[in-house]
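In what follows, a single structure is set out as structure tokens and then discussed.
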Amino acid sequence: MTEDVTSSQRSSQPSSQPSNLTEDLWAAEPPAPLPAAEGLFALAEGTAHLNHGSYGAPPLPVLRLREQLREQEELDPDGFFATLPARIAQARTAIAAELVTDRDGLALVTNVTEAVSIALDSLPLAAGDHVLVTDHGYGAVTRAVARKAAERGAHLRTAEIPLDAPDEAAVREAVLAAVDGRTTVAVLDQLTSPTARLVAGPGLLAELRLRGVTTVVDGAHAPGMLHAPVAPDADFWFGNLHKWAFAPRPTGVLAVRPEWRGRVRPLAVSWEDHRGYPANVEWRGTGDYTPWLAAPAGLALLRTLGTAAVSGHNTALARYGQRVLAERAGLRPLPATPGVWMRAVRLPAGVAETEDGAREVMGEVWRRLGARVAVRPWAGGGVLRISAQLYNRAEEYERLADGVARLLKG
């Protein structure tokens with residue numbers, strides 16, 4: 001059973017306040033490129049890769065390290081796999097230090113799609129429980145939650161967050177208004193995929209803990225972008241390292257609070273199962289573990305480049321990209337979270353309101369403009385999201401904005 005918590009069921013959201021984005025958007029200017037990043041990426045020329053947030057792009061030194069690890073594996077598979085559990089533990093320790101979190105609570109996984117299934121399988125959901133998600137959640141995660149709720153006889157409730165919610169306080173209010181006495185679990189994005197907004201901030205997570213709600217936080221975009229990204233008040237938190245932390249695909253991490261670690265159920269029972277969490281989650285027999293072993297090098301490279309410099313560059317460039325899409329294509333900028341390297345704009349009514357429509361827009365932008373962007377369906381007009389990374393340049397967003405303006409005119 002699915003229930004939508006509509007705006008009429010919530011207290012009204014502020015609508016007259018200026019957003020934390022539009023106050024400075026029109027003054028946004030592109031940053032100077034970072035010289036140290038020149039030649040770091042293997043992306044094809046001639047394409048505007050403005051969708052780093054979906055799949056990432058590992059730098060060449062990290063790719064070369066992964067290839068060296070693959071060569072080691074093929075030269076002596078028996079020896080390589082015999083030492084793998086210890087090497088994975090070493091990689092986990094290094095990654096935990098970079099993410100400023102407890103190594104004993106962290107496990108390596110392939111991605112957040114896997115991590116959410118592990119978290120849901122570890123929760124004691126019962127018939128009649130209410131499980132809360134939001135309408136800004138990542139589609140595959142929301143589907144996993146819906147399936148688990150149906151299997152357990154729980155009720156899925158969706159909190160609607162207005163696209164123009166001006167700030168974190170308004171987002172928190174929308175989520176809390178959907179919590180009732182039977183809400184036992186909330187599955188929330190830290191930074192939303194379609195709209196690049198902070199949802200599961202410290203204030204919201206602390207309030208949910210006070211209300212006795214178990215929290216599962218999708219932090220797919222947090223590692224590499226946010227300092228100390230692991231949310232300490234979340235019962236389960238997971239994120240991808242192959243998006244913004246320069247790791248090879250697929251590399252993710254799962255963090256579990258101490259009281260839950262003994263209840264974690266891995267997706268597969270392996271030879272490391274008797275060791276408990278996190279080893280029982282990480283080992284699944286024969287597989288490609290080289291992305292995990294190379295992941296610490298990606299985080300180290302990010303630190304060497306200067307996390308503050310990278311963040312300043314990417315934040316400013318994403319803001320500029322949103323500005324030109326608003327000015328040149330006439331698209332409405334959506335409120336954003338400071339320091340996030342993605343921005344979103346609203347497409348006109350009737351455009352990309354369905355999954356098929358969103359795929360069609362992305363396809364047209366690629367075929368006719370040579371640009372990769374993310375578009376998600378939304379009633380009343382889809383949402384177009386751009387990302388900014390060190391390899392991007394201001395003129396790519398300018399060409400995109402001019403091209404989108406032409407596409408919308410038909």
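Here, A, B, ... name the chains of the structure tokens in the order displayed, residue numbers run from 1 inside each chain, and ligands are numbered from 1 in the same displayed order.
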
For Ala231 in chain A, find every residue with an atom within 12 Å (counting only C-alpha atoms), except residues of its own chain fewer than 2 positions away, and show them as a ChimeraX atom specification. /A:99-102,188-191,199-206,215-219,222-223,226-229,233-239,254-257

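For Glu353 in chain A, the set of protein, DNA and RNA residues having any atom at most 7 Å away, when counting only C-alpha atoms and skipping those fewer than 4 positions along the same chain, is Gly357, Ala358, Pro377, Trp378, Ala379, Gly380, Gly381 and Gly382 of chain A.
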
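Going from CA of Arg152 in chain A to CA of Ala174 in chain A covers 26.1 Å.
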
Have a look at A:Ala177, A:Val361, A:Leu400, A:Ala44 and name the one nearest to Ala326 in chain A; count only C-alpha atoms. A:Leu400

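Of all the residues in range 281-314 of chain A, the ones DSSP labels as helix (DSSP H, G or I) from the backbone are Val281, Glu282, Thr290, Pro291, Trp292, Leu293, Ala294, Ala295, Pro296, Ala297, Gly298, Leu299, Ala300, Leu301, Leu302, Arg303, Thr304, Leu305, Thr307, Ala308, Ala309, Val310, Ser311, Gly312, His313 and Asn314 of chain A.
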
Taking 5 positions as the minimum chain separation for residues in the same chain, which residues sit within 8 Å of Arg376 in chain A when counting only C-alpha atoms? Answer as a PyMOL selection string. chain A and resi 194+352+355+358+382-384

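Excluding Leu84 in chain A itself and same-chain residues fewer than 6 positions from it, the residues having an atom within 12 Å of it are Leu69, Gln72, Glu73, Pro77, Asp78, Gln90, Ala91, Arg92, Glu272, Ala279, Glu282, Trp283, Arg284, Gly285, Thr286, Gly287, Asp288, Tyr289, Thr290, Trp292 and Leu293 of chain A, counting only C-alpha atoms.
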
Out of range 28-258 of chain A, which residues get strand (DSSP E or B) from DSSP, as an MDAnalysis selection string? chainID A and resid 48:49 106:109 130:134 155:159 183:189 191 198 214:218 236:240 252:256

Pick the closest to Arg319 in chain A from A:Thr337, A:Thr110, A:Thr134, A:Thr304: which is it, counting only C-alpha atoms? A:Thr337

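Distances from A:Gly403, A:Leu408, A:Gly46, A:Glu151 to Gly350 in chain A were compared using only C-alpha atoms, and the smallest one belongs to A:Leu408.
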
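For the atom pair formed by CA of Phe41 in chain A and CA of Leu198 in chain A, the distance is 28.3 Å, given to one decimal.
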
Selection near Gly306 in chain A, 12 Å with only C-alpha atoms, sequence-local residues under 4 positions removed, as an mmCIF file with all heavy atoms, in the first residue's frame:
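Produced file result_7.cif, reproduced below:
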```
data_model
loop_
_atom_site.group_PDB
_atom_site.id
_atom_site.type_symbol
_atom_site.label_atom_id
_atom_site.label_comp_id
_atom_site.auth_asym_id
_atom_site.auth_seq_id
_atom_site.Cartn_x
_atom_site.Cartn_y
_atom_site.Cartn_z
ATOM 1 N N LEU A 34 41.854 24.880 -12.805
ATOM 2 C CA LEU A 34 42.972 24.523 -11.938
ATOM 3 C C LEU A 34 44.084 23.904 -12.798
ATOM 4 O O LEU A 34 43.880 22.842 -13.405
ATOM 5 C CB LEU A 34 42.529 23.522 -10.876
ATOM 6 C CG LEU A 34 41.555 24.027 -9.809
ATOM 7 C CD1 LEU A 34 41.319 22.945 -8.762
ATOM 8 C CD2 LEU A 34 42.069 25.287 -9.147
ATOM 9 N N ALA A 36 46.641 22.200 -12.118
ATOM 10 C CA ALA A 36 47.061 20.857 -11.707
ATOM 11 C C ALA A 36 46.154 19.768 -12.252
ATOM 12 O O ALA A 36 46.536 18.596 -12.272
ATOM 13 C CB ALA A 36 47.109 20.771 -10.182
ATOM 14 N N ALA A 37 44.957 20.150 -12.691
ATOM 15 C CA ALA A 37 44.006 19.162 -13.197
ATOM 16 C C ALA A 37 44.137 18.927 -14.697
ATOM 17 O O ALA A 37 43.463 18.059 -15.256
ATOM 18 C CB ALA A 37 42.584 19.610 -12.882
ATOM 19 N N GLY A 224 33.819 12.817 -1.179
ATOM 20 C CA GLY A 224 34.583 13.644 -2.096
ATOM 21 C C GLY A 224 34.082 15.066 -2.159
ATOM 22 O O GLY A 224 34.863 15.996 -2.363
ATOM 23 N N MET A 225 32.784 15.250 -1.993
ATOM 24 C CA MET A 225 32.195 16.579 -2.078
ATOM 25 C C MET A 225 32.044 17.227 -0.707
ATOM 26 O O MET A 225 32.295 18.420 -0.542
ATOM 27 C CB MET A 225 30.824 16.522 -2.772
ATOM 28 C CG MET A 225 30.257 17.894 -3.109
ATOM 29 S SD MET A 225 28.572 17.834 -3.760
ATOM 30 C CE MET A 225 28.772 16.848 -5.226
ATOM 31 N N LEU A 299 41.026 9.239 -3.432
ATOM 32 C CA LEU A 299 40.840 10.186 -2.339
ATOM 33 C C LEU A 299 42.135 10.938 -2.037
ATOM 34 O O LEU A 299 42.116 12.147 -1.741
ATOM 35 C CB LEU A 299 40.347 9.446 -1.096
ATOM 36 C CG LEU A 299 38.873 9.038 -1.131
ATOM 37 C CD1 LEU A 299 38.609 7.917 -0.131
ATOM 38 C CD2 LEU A 299 37.980 10.230 -0.851
ATOM 39 N N ALA A 300 43.275 10.247 -2.116
ATOM 40 C CA ALA A 300 44.554 10.906 -1.877
ATOM 41 C C ALA A 300 44.840 11.949 -2.948
ATOM 42 O O ALA A 300 45.361 13.043 -2.657
ATOM 43 C CB ALA A 300 45.676 9.867 -1.836
ATOM 44 N N LEU A 301 44.488 11.656 -4.203
ATOM 45 C CA LEU A 301 44.690 12.616 -5.279
ATOM 46 C C LEU A 301 43.822 13.856 -5.059
ATOM 47 O O LEU A 301 44.277 14.990 -5.266
ATOM 48 C CB LEU A 301 44.353 11.976 -6.623
ATOM 49 C CG LEU A 301 44.420 12.893 -7.850
ATOM 50 C CD1 LEU A 301 45.801 13.504 -8.001
ATOM 51 C CD2 LEU A 301 44.023 12.131 -9.110
ATOM 52 N N LEU A 302 42.582 13.643 -4.645
ATOM 53 C CA LEU A 302 41.704 14.776 -4.361
ATOM 54 C C LEU A 302 42.324 15.669 -3.284
ATOM 55 O O LEU A 302 42.313 16.900 -3.392
ATOM 56 C CB LEU A 302 40.342 14.258 -3.915
ATOM 57 C CG LEU A 302 39.267 15.295 -3.594
ATOM 58 C CD1 LEU A 302 38.961 16.171 -4.788
ATOM 59 C CD2 LEU A 302 37.997 14.604 -3.108
ATOM 60 N N VAL A 310 39.380 22.459 -5.150
ATOM 61 C CA VAL A 310 38.473 21.701 -6.014
ATOM 62 C C VAL A 310 37.024 22.079 -5.724
ATOM 63 O O VAL A 310 36.227 22.313 -6.641
ATOM 64 C CB VAL A 310 38.685 20.186 -5.826
ATOM 65 C CG1 VAL A 310 37.629 19.396 -6.592
ATOM 66 C CG2 VAL A 310 40.077 19.784 -6.288
ATOM 67 N N SER A 311 36.685 22.161 -4.459
ATOM 68 C CA SER A 311 35.317 22.500 -4.096
ATOM 69 C C SER A 311 34.952 23.905 -4.556
ATOM 70 O O SER A 311 33.866 24.132 -5.099
ATOM 71 C CB SER A 311 35.135 22.390 -2.578
ATOM 72 O OG SER A 311 33.798 22.690 -2.212
ATOM 73 N N GLY A 312 35.864 24.851 -4.372
ATOM 74 C CA GLY A 312 35.580 26.218 -4.812
ATOM 75 C C GLY A 312 35.379 26.297 -6.314
ATOM 76 O O GLY A 312 34.461 26.965 -6.799
ATOM 77 N N HIS A 313 36.226 25.596 -7.061
ATOM 78 C CA HIS A 313 36.103 25.582 -8.523
ATOM 79 C C HIS A 313 34.787 24.974 -8.955
ATOM 80 O O HIS A 313 34.031 25.567 -9.740
ATOM 81 C CB HIS A 313 37.270 24.794 -9.125
ATOM 82 C CG HIS A 313 37.162 24.580 -10.602
ATOM 83 N ND1 HIS A 313 36.411 23.562 -11.159
ATOM 84 C CD2 HIS A 313 37.688 25.273 -11.648
ATOM 85 C CE1 HIS A 313 36.488 23.630 -12.472
ATOM 86 N NE2 HIS A 313 37.263 24.652 -12.800
ATOM 87 N N LEU A 390 36.449 19.219 -12.597
ATOM 88 C CA LEU A 390 37.644 19.961 -12.996
ATOM 89 C C LEU A 390 37.851 20.015 -14.493
ATOM 90 O O LEU A 390 38.481 20.943 -15.007
ATOM 91 C CB LEU A 390 38.877 19.328 -12.319
ATOM 92 C CG LEU A 390 38.898 19.391 -10.783
ATOM 93 C CD1 LEU A 390 40.102 18.625 -10.255
ATOM 94 C CD2 LEU A 390 38.925 20.829 -10.301
#
```

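Counting only C-alpha atoms and comparing A:His52, A:Ala86, A:Trp26, A:Val213, the residue that lies closest to Ala388 in chain A is A:His52.
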
Using only C-alpha atoms, determine which residues lie at most 12 Å from Met342 in chain A, disregarding the query and same-chain residues fewer than 2 positions distant; provide the list as a PyMOL selection string. chain A and resi 50-54+191-198+221-222+225+243-244+311+313-322+333-340+344-345+373-374+384-389

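You will find CA of Asp402 in chain A at 23.1 Å from CA of Leu43 in chain A.
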